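Some notes on the structure that comes next.
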Amino acid sequence: LSLALLFKVGMSSSSALEIEIFRYIDVHQNDFIEDLKIWVAVESDSVQPALRKEVTRMVALAADRLSALGATVNLVNLGSHQVLLPDGQNLPLPPVILGELGKDPQNPTVCFYGHVDVQPAKKEDGWKTDPYTLTEINGNLYGRGATDNKGPVLAWINAVETFRALELATPVNFKFVIEGMEEAGSLGLEKLLEEEKWGFFSDVDYIVISDNLWLSNKKPALTYGSRGNACFCVEVECGSKDLHSGTFGGIVHEPLTDLIALLDSLVDPTGRIKIPGIYDSVAALTEEERKLYESIEFDLEEHKNNSGVEKFLYGTKEEILLHLWRYPSLSIHGIEGAFHEPGIKTVIPAKVIGKFSIRQVPHMDLSVVKKQVVEHLEGVFSKRNSPNKLKVSMPLCAKPWLADVNGPLYKAARRAIKTVFGEDPDLIRDGSTIPVARMFQAITQKSVMMFPIGAADDGEHSQSEKISRHNYIEGTKAFAAFFLEISKLHRHLHETSNTETND
């Protein structure tokens with residue numbers, strides 16, 4: 001019997017299937033790398049208006065690739081946004097791909113999200129190679145978008161293509177959401193997801209995102225949470241114009257002096273936030289969660305060297321990771337309006353704006369955080385008896401995200417990674433903010449998982465971004481193995497649920 005028939009009637013072991021699938025991926029790895037080379041060559045920088053046509057061209061390339069697999073592809077027009085062009089027109093947004101492949105009611109439906117736009121890159125920025133020419137050096141594939149996010153998107157597509165090429169019945173139904181504006185804030189995506197909640201997403205069981213990295217250079221990881229971010233501006237205004245410090249110094253309440261006092265009141269030298277009540281909603285650390293940190297592969301000295309600092313606030317791996325992932329942090333980013341160029345300018349600025357952000361964690365309410373910040377700063381300011389005007393605002397915010405690591409998505413991915421890489425993955429959080437994960441989870445109410453295949457040293461957003469040949473090809477295998485595992489788990493859960501219902 002053929003492998004396809006064996007799989008269909010359930011007589012073959014998944015290991016036999018996996019061997020055949022992995023062999024195909026190994027044999028065709030150079031073809032997959034050539035595909036990535038074609039994609040990397042497109043300068044799909046979504047930040048620069050002059051390159052918007054390249055972003056649209058890249059989305060079209062991805063759509064063509066899905067169509068070649070037999071997928072039904074819908075390119076959804078999102079209109080335009082307010083970046084005025086020289087001719088007075090607004091800049092058009094690239095369309096979003098909504099793709100669909102397979103409608104077997106017996107199979108789970110897995111939706112994959114990825115993006116094909118990239119951060120800006122120029123050779124003169126310090127790249128070792130041309131950023132838009134995929135170049136292999138010592139097993140690493142260098143090029144803008146190689147790991148963020150063209151490589152992982154193609155790896156998923158390559159895994160689907162492998163089943164089709166071997167004439168194997170795909171074990172899951174696939175849906176695809178691929179956009180071209182992630183690096184510019186995913187403009188228009190949230191509205192589209194809301195509109196498709198009861199349409200495109202109505203039969204989706206699981207959502208997988210592969211748009212982040214492992215914590216280690218070598219050990220695989222699955223990400224189950226990220227912090228949110230609340231960005232604040234605190235503005236202090238003295239008068240209508242800047243003043244000469246010789247003429248007015250010593251007789252006015254200087255706004256920059258007020259602002260520095262306000263910023264100094266926010267966080268202490270140990271990194272603890274001094275705003276009353278800010279920690280009240282932070283969930284207590286459970287023993288089960290603490291154990292997750294013990295086995296995580298994390299080189300403290302390597303992380304210190306990568307950062308260029310001599311000492312961290314904490315000295316153990318566990319404390320570092322806890323304060324990166326599950327505790328809030330406050331960072332001061334800058335002051336607008338103050339003189340910051342080389343040399344001396346003896347001026348008293350009329351208005352200064354301090355900028356800081358709080359990375360909040362699950363259970364912290366953004367509206368409560370904003371209220372706490374405003375009340376704290378107003379309290380500190382009132383004690384200064386300053387006649388200056390104070391204004392506190394929160395112009396930008398994103399909520400944290402947390403997933404259930406004991407659900408079928410993570411169980412299936414852990415099994416797939418163990419099969420391909422020979423070890424269990426680290427279960428990690430991300431100290432930064434991943435708005436798209438929270439967005440998908442909140443709107444669709446489906447299970448969401450972050451399934452990275454890139455290593456910690458891939459340099460996303462940096463010079464000489466890369467993905468290794470090993471991670472790209474083994475990541476393709478991991479995705480293929482995941483399709484088999486989530487299908488088995490889903491069917492088992494469905495059968496168990498039916499049995500319990502009948503009983």
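Quick note on naming: the chains in the structure tokens go A, B, ... in the order shown, residues restart at 1 in each chain, and ligands are numbered from 1 in order of appearance.
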Assign secondary structure with DSSP using the backbone only, and return the residues of region 163-383 of chain A in strand (DSSP E) as a VMD selection string.
chain A and resid 173 to 179 206 to 209 221 to 226 229 to 237 243 to 244 329 to 336 347 to 348 351 to 359
Contact check, region 450-484 of chain A to region 210-217 of chain A, at most 10 Å, counting only C-alpha atoms, closest pairs as JSON lines:
```
{"residue": "A:Met450", "atom": "CA", "partner": "A:Ser210", "partner_atom": "CA", "distance": 5.6}
{"residue": "A:Phe451", "atom": "CA", "partner": "A:Ser210", "partner_atom": "CA", "distance": 4.8}
{"residue": "A:Pro452", "atom": "CA", "partner": "A:Ser210", "partner_atom": "CA", "distance": 4.8}
{"residue": "A:Ile453", "atom": "CA", "partner": "A:Leu213", "partner_atom": "CA", "distance": 6.5}
{"residue": "A:Gly454", "atom": "CA", "partner": "A:Leu213", "partner_atom": "CA", "distance": 4.9}
{"residue": "A:Ala455", "atom": "CA", "partner": "A:Asn217", "partner_atom": "CA", "distance": 4.8}
{"residue": "A:Ala456", "atom": "CA", "partner": "A:Asn217", "partner_atom": "CA", "distance": 4.9}
{"residue": "A:Asp457", "atom": "CA", "partner": "A:Asn217", "partner_atom": "CA", "distance": 5.9}
{"residue": "A:Asp458", "atom": "CA", "partner": "A:Leu213", "partner_atom": "CA", "distance": 7.9}
{"residue": "A:Gly459", "atom": "CA", "partner": "A:Leu213", "partner_atom": "CA", "distance": 9.5}
{"residue": "A:Glu460", "atom": "CA", "partner": "A:Asn212", "partner_atom": "CA", "distance": 8.7}
```
Mind dumping the selected residues with N, CA and C atoms as a PDB file, in the first residue's frame?
```pdb
ATOM      1  N   MET A 450       2.724  30.711  19.918  1.00  0.00           N
ATOM      2  CA  MET A 450       3.905  31.242  19.244  1.00  0.00           C
ATOM      3  C   MET A 450       4.889  30.084  19.079  1.00  0.00           C
ATOM      4  N   PHE A 451       5.224  29.757  17.820  1.00  0.00           N
ATOM      5  CA  PHE A 451       6.038  28.583  17.484  1.00  0.00           C
ATOM      6  C   PHE A 451       7.257  29.078  16.689  1.00  0.00           C
ATOM      7  N   PRO A 452       8.290  29.590  17.382  1.00  0.00           N
ATOM      8  CA  PRO A 452       9.454  30.124  16.662  1.00  0.00           C
ATOM      9  C   PRO A 452      10.351  29.015  16.115  1.00  0.00           C
ATOM     10  N   ILE A 453      11.049  29.333  15.013  1.00  0.00           N
ATOM     11  CA  ILE A 453      12.066  28.404  14.511  1.00  0.00           C
ATOM     12  C   ILE A 453      13.431  29.078  14.396  1.00  0.00           C
ATOM     13  N   GLY A 454      13.492  30.381  14.650  1.00  0.00           N
ATOM     14  CA  GLY A 454      14.752  31.109  14.580  1.00  0.00           C
ATOM     15  C   GLY A 454      15.493  31.072  15.905  1.00  0.00           C
ATOM     16  N   ALA A 455      16.828  31.135  15.854  1.00  0.00           N
ATOM     17  CA  ALA A 455      17.659  31.100  17.051  1.00  0.00           C
ATOM     18  C   ALA A 455      17.843  32.494  17.638  1.00  0.00           C
ATOM     19  N   ALA A 456      18.304  32.550  18.884  1.00  0.00           N
ATOM     20  CA  ALA A 456      18.435  33.818  19.606  1.00  0.00           C
ATOM     21  C   ALA A 456      19.399  34.788  18.933  1.00  0.00           C
ATOM     22  N   ASP A 457      20.356  34.260  18.183  1.00  0.00           N
ATOM     23  CA  ASP A 457      21.377  35.129  17.574  1.00  0.00           C
ATOM     24  C   ASP A 457      21.051  35.496  16.119  1.00  0.00           C
ATOM     25  N   ASP A 458      19.788  35.360  15.716  1.00  0.00           N
ATOM     26  CA  ASP A 458      19.421  35.627  14.320  1.00  0.00           C
ATOM     27  C   ASP A 458      19.441  37.112  13.960  1.00  0.00           C
ATOM     28  N   GLY A 459      19.385  37.978  14.954  1.00  0.00           N
ATOM     29  CA  GLY A 459      19.515  39.411  14.679  1.00  0.00           C
ATOM     30  C   GLY A 459      18.338  40.022  13.937  1.00  0.00           C
ATOM     31  N   GLU A 460      17.124  39.666  14.318  1.00  0.00           N
ATOM     32  CA  GLU A 460      15.963  40.296  13.683  1.00  0.00           C
ATOM     33  C   GLU A 460      16.019  41.803  13.936  1.00  0.00           C
TER      34      GLU A 460
END
```
Rounded to one decimal, what separation in Å do you get between CA of Ile157 (chain A) and CA of Gln48 (chain A)?
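Pair CA of Ile157 (chain A) / CA of Gln48 (chain A) returns 27.5 Å.
The nearest approach to Tyr113 (chain A) among the residues A:Glu194, A:Asp365, A:Asp268, A:Glu179, with only C-alpha atoms taken into account, belongs to A:Glu179.
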At a cut-off of 9 Å, using only C-alpha atoms, what residues contact Asn107 (chain A)? Leave out same-chain residues fewer than 5 positions from it and give the result as a ChimeraX atom specification.
/A:102,170-173,487,490-491
Could you please take those selected residues and save N, CA, C and O atoms as a PDB file, in the first residue's frame?
```pdb
ATOM      1  N   GLY A 102      -8.201  22.947   2.162  1.00  0.00           N
ATOM      2  CA  GLY A 102      -8.760  21.775   2.840  1.00  0.00           C
ATOM      3  C   GLY A 102     -10.010  22.105   3.625  1.00  0.00           C
ATOM      4  O   GLY A 102     -10.084  23.127   4.308  1.00  0.00           O
ATOM      5  N   THR A 170      -3.542  15.689   3.684  1.00  0.00           N
ATOM      6  CA  THR A 170      -3.094  16.580   4.752  1.00  0.00           C
ATOM      7  C   THR A 170      -3.918  16.314   6.018  1.00  0.00           C
ATOM      8  O   THR A 170      -5.148  16.216   5.950  1.00  0.00           O
ATOM      9  N   PRO A 171      -3.248  16.203   7.173  1.00  0.00           N
ATOM     10  CA  PRO A 171      -3.954  15.824   8.410  1.00  0.00           C
ATOM     11  C   PRO A 171      -4.740  16.961   9.045  1.00  0.00           C
ATOM     12  O   PRO A 171      -5.487  16.749   9.992  1.00  0.00           O
ATOM     13  N   VAL A 172      -4.558  18.200   8.555  1.00  0.00           N
ATOM     14  CA  VAL A 172      -5.319  19.337   9.061  1.00  0.00           C
ATOM     15  C   VAL A 172      -5.813  20.177   7.896  1.00  0.00           C
ATOM     16  O   VAL A 172      -5.276  20.105   6.792  1.00  0.00           O
ATOM     17  N   ASN A 173      -6.838  20.955   8.140  1.00  0.00           N
ATOM     18  CA  ASN A 173      -7.254  21.989   7.189  1.00  0.00           C
ATOM     19  C   ASN A 173      -6.441  23.245   7.498  1.00  0.00           C
ATOM     20  O   ASN A 173      -6.228  23.571   8.663  1.00  0.00           O
ATOM     21  N   SER A 487      -3.317  16.872  14.699  1.00  0.00           N
ATOM     22  CA  SER A 487      -4.433  16.089  14.156  1.00  0.00           C
ATOM     23  C   SER A 487      -4.784  14.936  15.096  1.00  0.00           C
ATOM     24  O   SER A 487      -5.959  14.714  15.415  1.00  0.00           O
ATOM     25  N   HIS A 490      -6.250  16.362  18.431  1.00  0.00           N
ATOM     26  CA  HIS A 490      -7.576  16.931  18.215  1.00  0.00           C
ATOM     27  C   HIS A 490      -8.619  15.835  18.069  1.00  0.00           C
ATOM     28  O   HIS A 490      -9.702  15.909  18.657  1.00  0.00           O
ATOM     29  N   ARG A 491      -8.292  14.828  17.297  1.00  0.00           N
ATOM     30  CA  ARG A 491      -9.246  13.722  17.103  1.00  0.00           C
ATOM     31  C   ARG A 491      -9.498  12.993  18.415  1.00  0.00           C
ATOM     32  O   ARG A 491     -10.622  12.603  18.718  1.00  0.00           O
TER      33      ARG A 491
END
```
Nearest to Asn229 (chain A), chosen from A:Ala41, A:Ile434, A:Ala416, A:Ile443, with only C-alpha atoms counted in the distances
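Counting only C-alpha atoms, the residue closest to Asn229 (chain A) is A:Ile434.
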Set out as JSON lines a contact list for region 103-140 of chain A and region 479-483 of chain A with a cut-off of 12 Å, giving each residue of region 103-140 of chain A that qualifies its closest atom pair and distance in Å to one decimal, counting only C-alpha atoms, ordered by chain and rising residue number.
```
{"residue": "A:Asn107", "atom": "CA", "partner": "A:Phe483", "partner_atom": "CA", "distance": 10.3}
{"residue": "A:Pro108", "atom": "CA", "partner": "A:Phe483", "partner_atom": "CA", "distance": 9.5}
{"residue": "A:Thr109", "atom": "CA", "partner": "A:Phe483", "partner_atom": "CA", "distance": 10.1}
{"residue": "A:Val110", "atom": "CA", "partner": "A:Phe483", "partner_atom": "CA", "distance": 8.7}
{"residue": "A:Cys111", "atom": "CA", "partner": "A:Phe483", "partner_atom": "CA", "distance": 11.5}
{"residue": "A:Phe112", "atom": "CA", "partner": "A:Phe479", "partner_atom": "CA", "distance": 10.8}
```
